[in-house]
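Visitor: I'm passing along run_7.txt; it holds compact mmCIF, C-alpha atoms.
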# COMPACT_ATOMS: atom_id res chain seq x y z
CA MET E 10 29.03 0.13 1.74
CA ALA E 11 25.64 0.77 0.16
CA GLU E 12 22.65 -0.89 1.83
CA SER E 13 21.64 -2.88 -1.23
CA ASP E 14 23.34 -6.21 -0.67
CA ASN E 15 20.26 -8.41 -0.34
CA GLY E 16 16.95 -8.82 -2.10
CA PRO E 17 16.27 -9.24 -5.84
CA LEU E 18 16.71 -5.51 -6.49
CA SER E 19 20.23 -5.42 -5.09
CA GLY E 20 22.24 -2.94 -7.13
CA VAL E 21 19.24 -0.85 -8.21
CA ARG E 22 19.53 2.79 -7.19
CA VAL E 23 16.42 4.82 -6.43
CA VAL E 24 16.02 8.54 -5.73
CA GLU E 25 12.84 9.35 -3.81
CA LEU E 26 11.70 12.96 -3.62
CA ALA E 27 10.12 13.06 -0.18
CA GLY E 28 6.35 13.10 0.07
CA ILE E 29 3.65 11.41 2.13
CA GLY E 30 1.48 8.35 1.63
CA PRO E 31 1.75 6.09 -1.43
CA GLY E 32 5.03 7.48 -2.83
CA PRO E 33 7.06 6.66 0.29
CA PHE E 34 5.31 3.28 0.60
CA ALA E 35 6.24 2.42 -2.99
CA ALA E 36 9.85 3.42 -2.32
CA MET E 37 9.83 1.35 0.89
CA LEU E 38 8.71 -1.67 -1.11
CA LEU E 39 11.59 -1.17 -3.54
CA ALA E 40 13.96 -0.80 -0.58
CA ASP E 41 12.58 -3.93 1.10
CA LEU E 42 13.41 -5.81 -2.10
CA GLY E 43 17.02 -4.68 -1.92
CA ALA E 44 17.16 -1.40 -3.82
CA ASP E 45 19.43 1.36 -2.51
CA VAL E 46 16.84 4.08 -1.89
CA VAL E 47 18.01 7.61 -1.19
CA ARG E 48 15.20 9.76 0.14
CA VAL E 49 15.62 13.46 -0.61
CA ASP E 50 14.05 15.14 2.40
CA ARG E 51 13.21 18.80 2.35
CA PRO E 52 13.76 21.35 5.11
CA GLY E 53 10.81 21.32 7.47
CA GLY E 54 9.75 17.76 6.71
CA ALA E 55 7.25 16.20 4.34
CA GLY E 56 4.16 17.08 6.35
CA LEU E 57 3.09 13.69 7.77
CA GLY E 58 3.40 14.88 11.37
CA VAL E 59 4.88 11.59 12.63
CA ASP E 60 8.21 11.34 14.43
CA PRO E 61 10.60 10.05 11.70
CA ALA E 62 11.81 7.38 14.12
CA TYR E 63 8.39 5.69 13.84
CA ASP E 64 7.71 6.16 10.12
CA ILE E 65 8.03 2.55 8.98
CA THR E 66 7.48 3.56 5.35
CA ASN E 67 10.99 5.03 5.47
CA ARG E 68 12.72 1.86 6.66
CA ASN E 69 15.61 0.45 4.60
CA LYS E 70 16.25 3.91 3.12
CA ARG E 71 18.91 6.55 3.57
CA SER E 72 18.26 10.27 3.66
CA VAL E 73 19.80 13.50 2.50
CA LEU E 74 18.41 16.93 3.30
CA VAL E 75 18.11 19.14 0.21
CA ASP E 76 16.40 22.48 -0.40
CA LEU E 77 14.90 22.04 -3.86
CA LYS E 78 13.98 25.71 -3.94
CA SER E 79 17.65 26.60 -4.29
CA PRO E 80 19.83 26.13 -7.40
CA ASP E 81 22.37 24.19 -5.36
CA GLY E 82 19.65 21.80 -4.19
CA VAL E 83 18.46 21.17 -7.73
CA ALA E 84 22.04 20.50 -8.83
CA GLN E 85 22.48 18.01 -5.99
CA VAL E 86 19.35 16.09 -7.00
CA LEU E 87 20.38 16.00 -10.65
CA ASP E 88 23.78 14.64 -9.63
CA LEU E 89 22.01 11.83 -7.80
CA VAL E 90 19.69 11.27 -10.76
CA GLU E 91 22.68 10.84 -13.06
CA ARG E 92 23.73 7.83 -11.00
CA ALA E 93 20.25 6.41 -10.36
CA ASP E 94 18.08 3.83 -12.09
CA VAL E 95 14.74 5.12 -10.79
CA LEU E 96 13.28 8.37 -9.48
CA VAL E 97 10.00 8.48 -7.54
CA GLU E 98 8.10 11.72 -6.96
CA GLY E 99 4.59 12.52 -5.76
CA TYR E 100 4.12 16.23 -6.42
CA ARG E 101 1.12 17.76 -8.13
CA PRO E 102 1.46 17.90 -11.92
CA GLY E 103 3.90 20.63 -12.97
CA VAL E 104 5.62 21.12 -9.62
CA ALA E 105 8.68 18.98 -10.38
CA GLU E 106 9.03 20.82 -13.70
CA ARG E 107 8.91 24.21 -11.97
CA LEU E 108 11.53 23.09 -9.48
CA GLY E 109 13.84 21.98 -12.30
CA VAL E 110 13.74 18.24 -11.58
CA GLY E 111 11.02 17.20 -14.02
CA PRO E 112 11.31 14.37 -16.55
CA GLU E 113 12.93 16.53 -19.22
CA GLU E 114 15.81 17.66 -17.01
CA CYS E 115 16.28 14.25 -15.39
CA LEU E 116 16.18 12.21 -18.60
CA ALA E 117 18.61 14.65 -20.19
CA ARG E 118 21.09 13.78 -17.44
CA ASN E 119 20.26 10.06 -17.48
CA PRO E 120 18.51 8.72 -20.62
CA ARG E 121 17.89 5.29 -19.05
CA LEU E 122 16.21 6.70 -15.94
CA VAL E 123 12.76 5.41 -15.00
CA TYR E 124 10.84 8.47 -13.78
CA GLY E 125 7.97 7.32 -11.56
CA ARG E 126 5.16 9.80 -10.87
CA MET E 127 2.66 9.14 -8.06
CA THR E 128 -0.53 11.21 -8.02
CA GLY E 129 -4.16 10.77 -7.19
CA TRP E 130 -5.82 12.19 -10.30
CA GLY E 131 -3.00 11.62 -12.78
CA GLN E 132 -0.95 14.00 -14.91
CA GLN E 133 -3.87 15.01 -17.16
CA GLY E 134 -7.62 15.52 -16.81
CA PRO E 135 -9.95 18.17 -15.36
CA LEU E 136 -9.04 17.31 -11.75
CA ALA E 137 -5.28 16.87 -12.26
CA GLY E 138 -4.35 20.19 -10.67
CA THR E 139 -6.64 19.92 -7.65
CA ALA E 140 -5.98 18.56 -4.18
CA GLY E 141 -7.39 15.22 -3.15
CA HIS E 142 -7.15 12.23 -0.86
CA ASP E 143 -7.74 8.50 -1.03
CA ILE E 144 -11.45 8.70 -0.24
CA GLY E 145 -12.14 10.94 -3.24
CA TYR E 146 -10.11 8.84 -5.64
CA ILE E 147 -11.88 5.60 -4.75
CA ALA E 148 -15.22 7.42 -4.70
CA ILE E 149 -15.24 8.36 -8.39
CA THR E 150 -14.00 4.95 -9.53
CA GLY E 151 -16.98 3.13 -8.02
CA ALA E 152 -14.82 1.22 -5.53
CA LEU E 153 -16.02 3.10 -2.44
CA GLY E 154 -19.65 2.73 -3.44
CA MET E 155 -19.33 -1.06 -3.35
CA ILE E 156 -18.25 -1.24 0.30
CA GLY E 157 -20.64 -1.17 3.24
CA SER E 158 -24.17 -2.08 4.23
CA PRO E 159 -27.09 -1.27 1.91
CA ASP E 160 -28.88 0.80 4.55
CA GLY E 161 -25.96 3.08 5.47
CA PRO E 162 -23.19 5.17 3.91
CA PRO E 163 -20.20 3.49 2.24
CA ALA E 164 -17.64 2.04 4.65
CA ILE E 165 -14.23 3.70 4.50
CA PRO E 166 -11.42 1.10 4.08
CA ALA E 167 -8.78 3.36 5.70
CA ASN E 168 -6.51 4.40 2.80
CA LEU E 169 -5.60 0.87 1.77
CA VAL E 170 -7.67 0.55 -1.41
CA GLY E 171 -6.66 3.82 -3.07
CA ASP E 172 -3.31 5.05 -1.78
CA TYR E 173 -1.62 1.70 -1.39
CA ALA E 174 -3.40 -0.88 -3.58
CA GLY E 175 -4.41 1.41 -6.45
CA GLY E 176 -1.44 3.73 -6.02
CA SER E 177 1.78 2.35 -4.53
CA LEU E 178 1.54 -1.15 -5.95
CA TYR E 179 0.75 0.09 -9.45
CA LEU E 180 3.66 2.52 -9.29
CA VAL E 181 6.00 -0.32 -8.31
CA ILE E 182 4.65 -2.55 -11.10
CA GLY E 183 5.14 0.26 -13.60
CA VAL E 184 8.63 1.12 -12.37
CA LEU E 185 9.81 -2.50 -12.52
CA ALA E 186 8.35 -3.00 -16.00
CA ALA E 187 9.96 0.21 -17.26
CA LEU E 188 13.24 -0.74 -15.59
CA GLN E 189 13.22 -4.08 -17.40
CA HIS E 190 12.73 -2.24 -20.71
CA ALA E 191 15.43 0.33 -19.92
CA ARG E 192 17.94 -2.45 -19.35
CA THR E 193 17.42 -4.07 -22.75
CA GLU E 194 20.02 -3.47 -25.43
CA ASP E 195 18.11 -0.65 -27.10
CA GLY E 196 16.10 0.35 -24.05
CA ARG E 197 15.62 3.88 -22.83
CA GLY E 198 14.14 5.43 -19.76
CA GLN E 199 10.58 6.68 -19.62
CA VAL E 200 7.95 8.29 -17.44
CA VAL E 201 5.55 6.11 -15.43
CA ASP E 202 2.28 7.95 -14.70
CA ALA E 203 0.77 6.06 -11.74
CA ALA E 204 -2.59 7.63 -10.91
CA ILE E 205 -4.59 6.24 -8.02
CA VAL E 206 -7.82 6.62 -9.98
CA ASP E 207 -6.39 4.44 -12.76
CA GLY E 208 -5.06 1.76 -10.43
CA THR E 209 -8.20 1.63 -8.32
CA ALA E 210 -10.40 1.36 -11.42
CA HIS E 211 -8.14 -1.45 -12.65
CA LEU E 212 -8.68 -3.31 -9.37
CA THR E 213 -12.41 -3.52 -10.14
CA ALA E 214 -11.89 -5.42 -13.42
CA MET E 215 -13.46 -8.68 -12.22
CA ILE E 216 -16.47 -6.86 -10.76
CA HIS E 217 -17.05 -5.04 -14.05
CA GLY E 218 -17.05 -8.40 -15.79
CA MET E 219 -19.59 -9.78 -13.35
CA LEU E 220 -21.67 -6.62 -13.75
CA ALA E 221 -21.71 -7.01 -17.53
CA ALA E 222 -22.68 -10.68 -17.22
CA GLY E 223 -25.56 -9.91 -14.87
CA GLY E 224 -23.82 -11.54 -11.92
CA TRP E 225 -23.37 -8.33 -9.92
CA GLN E 226 -25.97 -5.79 -8.84
CA ASP E 227 -24.81 -2.16 -8.99
CA ARG E 228 -25.71 -1.54 -5.35
CA ARG E 229 -23.78 -2.51 -2.24
CA GLY E 230 -24.77 -5.23 0.16
CA SER E 231 -26.56 -7.22 -2.55
CA ASN E 232 -23.84 -9.43 -3.97
CA LEU E 233 -21.74 -12.47 -3.29
CA LEU E 234 -18.60 -10.59 -2.20
CA ASP E 235 -19.91 -7.36 -0.65
CA GLY E 236 -21.70 -8.72 2.40
CA GLY E 237 -24.94 -9.41 0.60
CA ALA E 238 -24.50 -13.18 0.93
CA PRO E 239 -25.05 -14.39 4.53
CA PHE E 240 -22.17 -16.86 4.13
CA TYR E 241 -19.67 -14.09 3.29
CA GLY E 242 -19.53 -11.45 6.00
CA ALA E 243 -18.66 -10.63 9.60
CA TYR E 244 -20.68 -11.64 12.66
CA GLU E 245 -20.60 -10.41 16.25
CA THR E 246 -19.75 -12.83 19.02
CA ALA E 247 -20.93 -13.00 22.65
CA ASP E 248 -18.05 -10.85 23.90
CA GLY E 249 -18.39 -8.11 21.27
CA GLY E 250 -15.74 -9.56 18.97
CA HIS E 251 -16.33 -10.61 15.38
CA MET E 252 -15.79 -13.64 13.18
CA ALA E 253 -15.21 -13.36 9.42
CA VAL E 254 -17.05 -15.93 7.31
CA GLY E 255 -16.07 -16.73 3.71
CA ALA E 256 -17.80 -20.04 3.07
CA LEU E 257 -18.47 -19.40 -0.62
CA GLU E 258 -18.08 -22.87 -2.12
CA GLN E 259 -20.76 -25.46 -1.28
CA ARG E 260 -18.36 -27.95 0.34
CA PHE E 261 -16.95 -25.24 2.60
CA TYR E 262 -20.44 -24.02 3.41
CA VAL E 263 -21.51 -27.50 4.51
CA GLU E 264 -18.54 -27.63 6.89
CA PHE E 265 -19.35 -24.14 8.15
CA ILE E 266 -22.97 -25.00 8.93
CA ARG E 267 -21.94 -28.25 10.64
CA LEU E 268 -19.35 -26.62 12.92
CA LEU E 269 -21.60 -23.66 13.62
CA GLY E 270 -24.18 -26.12 14.89
CA LEU E 271 -27.15 -24.91 12.88
CA PRO E 272 -30.00 -27.34 12.36
CA GLN E 273 -30.67 -28.88 8.98
CA GLU E 274 -33.86 -26.84 8.65
CA VAL E 275 -32.02 -23.57 7.91
CA PRO E 276 -33.04 -21.90 4.62
CA ASP E 277 -31.39 -23.09 1.43
CA ARG E 278 -28.42 -20.87 0.57
CA GLU E 279 -29.51 -20.85 -3.07
CA ASP E 280 -32.81 -19.19 -2.13
CA LEU E 281 -31.90 -15.50 -2.37
CA ALA E 282 -35.29 -14.51 -0.98
CA ALA E 283 -34.39 -16.33 2.24
CA TRP E 284 -30.95 -14.79 2.68
CA GLY E 285 -32.27 -12.45 5.36
CA GLU E 286 -33.67 -15.37 7.38
CA LEU E 287 -30.42 -17.32 6.97
CA ARG E 288 -28.34 -14.35 8.08
CA THR E 289 -30.48 -13.92 11.18
CA ALA E 290 -30.00 -17.58 12.11
CA ILE E 291 -26.23 -17.40 11.62
CA ALA E 292 -25.97 -14.17 13.61
CA ALA E 293 -27.97 -15.60 16.51
CA ARG E 294 -25.76 -18.65 16.66
CA PHE E 295 -22.52 -16.64 16.66
CA ARG E 296 -23.79 -14.58 19.59
CA THR E 297 -23.88 -17.69 21.78
CA ARG E 298 -20.09 -17.94 22.18
CA THR E 299 -17.06 -15.67 22.47
CA ARG E 300 -14.64 -14.94 19.67
CA GLU E 301 -12.02 -17.15 21.32
CA GLU E 302 -14.46 -20.04 21.63
CA TRP E 303 -15.54 -19.81 17.98
CA THR E 304 -11.90 -19.55 16.91
CA ALA E 305 -11.26 -22.88 18.63
CA VAL E 306 -14.30 -24.43 16.93
CA PHE E 307 -13.18 -23.48 13.43
CA GLN E 308 -9.44 -23.91 14.00
CA GLU E 309 -7.76 -25.65 11.02
CA SER E 310 -11.12 -26.51 9.41
CA ASP E 311 -12.15 -25.88 5.82
CA ALA E 312 -15.11 -23.75 6.88
CA CYS E 313 -13.28 -20.55 5.87
CA VAL E 314 -13.92 -18.76 9.17
CA ALA E 315 -11.37 -16.55 10.96
CA PRO E 316 -11.39 -14.18 13.94
CA VAL E 317 -11.34 -10.47 13.18
CA LEU E 318 -8.19 -9.22 14.91
CA SER E 319 -7.01 -5.72 15.73
CA LEU E 320 -3.72 -4.31 14.49
CA ARG E 321 -2.10 -5.01 17.85
CA GLU E 322 -3.49 -8.55 18.00
CA ALA E 323 -2.50 -9.60 14.49
CA PRO E 324 1.25 -10.21 15.10
CA GLN E 325 0.38 -12.75 17.82
CA HIS E 326 -1.83 -14.92 15.60
CA PRO E 327 -0.22 -18.40 15.54
CA HIS E 328 -0.16 -18.65 11.75
CA LEU E 329 1.37 -15.20 11.24
CA ALA E 330 3.85 -15.82 14.05
CA ALA E 331 4.91 -19.13 12.49
CA ARG E 332 5.47 -17.47 9.12
CA GLY E 333 7.21 -14.42 10.53
CA THR E 334 4.67 -12.16 8.83
CA PHE E 335 5.54 -9.47 11.37
CA VAL E 336 9.04 -8.72 12.61
CA GLU E 337 10.56 -6.51 15.27
CA HIS E 338 13.39 -4.22 14.26
CA SER E 339 14.83 -1.28 16.15
CA GLY E 340 12.09 -1.61 18.74
CA LEU E 341 9.25 -1.42 16.20
CA THR E 342 6.84 -4.28 15.45
CA GLN E 343 6.12 -4.06 11.73
CA PRO E 344 5.05 -6.11 8.71
CA ALA E 345 7.90 -8.11 7.22
CA PRO E 346 8.91 -7.51 3.58
CA ALA E 347 6.63 -9.18 1.05
CA PRO E 348 6.53 -11.12 -1.19
CA ARG E 349 9.15 -13.75 -0.38
CA PHE E 350 11.98 -15.02 -2.56
CA SER E 351 13.72 -18.37 -2.30
CA ARG E 352 17.16 -17.17 -3.40
CA THR E 353 17.20 -13.41 -2.83
CA PRO E 354 15.09 -12.69 0.24
CA GLY E 355 14.37 -9.15 1.29
CA ALA E 356 14.87 -8.02 4.86
CA VAL E 357 14.43 -5.11 7.23
CA ARG E 358 18.01 -3.87 7.26
CA ARG E 359 17.74 -0.32 8.54
CA PRO E 360 15.38 1.60 10.84
CA PRO E 361 13.31 4.49 9.45
CA ALA E 362 15.61 7.05 7.86
CA ARG E 363 16.18 10.27 9.80
CA PRO E 364 16.12 13.35 7.52
CA GLY E 365 19.66 14.19 6.41
CA ALA E 366 21.31 11.61 8.67
CA ASP E 367 23.05 9.70 5.88
CA THR E 368 24.42 12.53 3.76
CA ALA E 369 28.13 11.75 4.14
CA GLU E 370 27.57 8.03 3.55
CA ILE E 371 25.53 8.65 0.41
CA ALA E 372 27.99 11.23 -0.92
CA ARG E 373 30.72 8.60 -0.65
CA ASP E 374 28.74 5.59 -1.97
CA TRP E 375 27.13 7.41 -4.89
CA GLN E 376 30.22 9.57 -5.53
CA VAL E 377 28.30 12.83 -5.27
CA PRO E 378 30.60 15.13 -3.27
CA GLY E 379 28.28 18.06 -3.91
CA LEU E 380 25.94 16.67 -1.26
CA LEU E 381 28.45 17.71 1.39
CA ALA E 382 27.66 21.39 0.82
CA PRO E 383 26.26 23.00 3.99
CA SER E 384 22.65 22.08 4.73
CA PRO E 385 20.05 24.78 5.39
CA ALA E 386 20.97 26.40 8.68
CA ASP E 387 17.46 26.32 10.13
CA PRO E 388 15.30 23.52 8.71
CA SER E 389 12.22 24.79 10.50
CA ALA E 390 12.48 28.13 8.73
CA ALA E 391 11.61 26.50 5.42
CA ALA E 392 8.66 24.42 6.65
CA PRO E 393 5.92 24.05 4.06
CA ALA E 394 2.69 25.94 4.42
CA PRO E 395 -0.33 24.01 5.74
CA ALA E 396 -2.45 22.05 3.27
CA GLY E 397 -4.42 24.45 1.13
CA GLY E 398 -1.85 27.21 1.42
CA ALA E 399 0.90 28.21 -0.99
CA GLY E 400 3.06 25.28 0.04
CA ARG E 401 0.31 22.78 -0.78
CA ALA E 402 1.29 22.78 -4.46
CA GLU E 403 4.45 20.92 -3.52
CA GLN E 404 2.72 18.43 -1.28
CA LYS E 405 1.67 15.16 -2.82
CA ASP E 406 -1.99 15.16 -3.79
CA ALA E 407 -2.20 11.41 -3.27
CA ALA E 408 -1.88 11.01 0.47
CA GLY E 409 -4.54 9.35 2.55
Go through the file and emit its structure as structure tokens.
Guide:
Amino acid sequence: MAESDNGPLSGVRVVELAGIGPGPFAAMLLADLGADVVRVDRPGGAGLGVDPAYDITNRNKRSVLVDLKSPDGVAQVLDLVERADVLVEGYRPGVAERLGVGPEECLARNPRLVYGRMTGWGQQGPLAGTAGHDIGYIAITGALGMIGSPDGPPAIPANLVGDYAGGSLYLVIGVLAALQHARTEDGRGQVVDAAIVDGTAHLTAMIHGMLAAGGWQDRRGSNLLDGGAPFYGAYETADGGHMAVGALEQRFYVEFIRLLGLPQEVPDREDLAAWGELRTAIAARFRTRTREEWTAVFQESDACVAPVLSLREAPQHPHLAARGTFVEHSGLTQPAPAPRFSRTPGAVRRPPARPGADTAEIARDWQVPGLLAPSPADPSAAAPAPAGGAGRAEQKDAAG
């Protein structure tokens, strides 16, 4: 039976044209919420360079192996599309059209299809046809320029801000909204253009409001939320660890100062000219104890202080362990599905999909016997060219 029997999206069918980065993450989120996601892998792989057995972004999915450069492969995808509710693709603008699986062809086969497009620059604009990565997308939106110390270069937030926050999550929001419309009495399918530059810019809405009101300086390390305030930042401990401080509100700040053990003579937090002196005093105090010792001091207080943990440490934090924020499945420790639902909870149901491993099962469940045609004899023979080469045009331009 189809793997879509739990989660609020149970019964929703999704076709994912394999890519890397935010497209697969968006499809994973849909799968975590119960959708039956069929990933259309291409011969040679999608180019991530990670053993598919460890690619958590492909959990809860099933895979078929299709050569989209062949007429038979295009026909197979369109057969899937005819039975799907959603398609997700992350090619450069124009590539899906050239392959024969663009919006026009897909919506002709299935007028209620939601066609989700994941790119960095978007479908139009001077940069739409060029390659790019997360760092460039967040750079031109102003988001990257906000992050980091004032006396150094911007700090790179991995690829979380652009690819996943500004990209994947906005694609999922758009797909679900369009799916709701398509399921109304007179609804029809449509194309969702999810550009990372658009989503990342949208994330800065509150900051733009503060900037317009004079409550935000257009330079990093000078504001309430960018490390400029000494009571909102990270401090080194005696053992080389760090503590994160977010004591923004006055009542939380009072608790923070009390537990930190600073004398009453510390500079007034409202005196911006004394922020440097206050930061120095706080930093000196944090360096007197280890991260573990400070964690015990602030445990369950309202001082808004937390230890800065590594990726390997995070699953063992008592709060996250109590909530089951991380789970182990098929030997992999991984974040649990989010958000949570009281009546239709999502779950990790399947390990990361292996390319082509589920073809017979999908052909039966989706009633697409054409998928059982012989797969390419030598998948490695059709491997895409390295980034920048001829094959790059069919690689997603939105990967971190």
Visitor: I need the residue nearest E:Glu286 from this list: E:Pro239, E:Val95, E:Pro354, E:Gln259. Use all atoms listed in the file for the distance.
Guide: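 Among the listed residues, the smallest separation from E:Glu286 belongs to E:Pro239.
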Visitor: Go ahead and compute the interatomic distance for atom CA of E:Ser339 and atom CA of E:Val59, in Å to one decimal.
Guide: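 Atom CA of E:Ser339 sits 16.6 Å away from atom CA of E:Val59.
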Visitor: Kindly indicate which residue among E:Gly154, E:Gly53, E:Pro346, E:Gly20 lies nearest to E:Leu38, using all atoms listed in the file for the distances.
Guide: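 Among the listed residues, the smallest separation from E:Leu38 belongs to E:Pro346.
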Visitor: Within 12 Å of (-32.0, -17.3, 11.5) (coordinates as in the file), grab all the protein and nucleic acid residues, counting all atoms listed in the file, and write them out as a list of chain:residue names.
Guide: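 Within 12 Å of (-32.0, -17.3, 11.5), the protein and nucleic acid residues are E:Pro239, E:Leu271, E:Pro272, E:Gln273, E:Glu274, E:Val275, E:Pro276, E:Asp277, E:Ala283, E:Trp284, E:Gly285, E:Glu286, E:Leu287, E:Arg288, E:Thr289, E:Ala290, E:Ile291, E:Ala292, E:Ala293, E:Arg294, E:Phe295, E:Arg296.
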Visitor: Please list as a ChimeraX atom specification every residue within 7 Å of stretch 181-183 of chain E, counting all atoms listed in the file and excluding residues in the same chain fewer than 3 positions away.
Guide: /E:35,177-178,186-187,201
Visitor: Could you tell me which of E:Ala93, E:Gly30, E:Leu233, E:Ile149 comes closest to E:Asp172 if we count all atoms listed in the file?
Guide: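 Ranking E:Ala93, E:Gly30, E:Leu233, E:Ile149 by distance to E:Asp172, first place goes to E:Gly30.
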Visitor: Grab the atom CA of E:Pro52 to atom CA of E:Val86 distance for me, in Å with one decimal place.
Guide: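 Here the two named atoms are 14.3 Å from each other.
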Visitor: One decimal, Å: what's the distance from atom CA of E:Ala305 over to atom CA of E:Ala238, could you say?
Guide: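 Between these atoms lies a distance of 24.1 Å.
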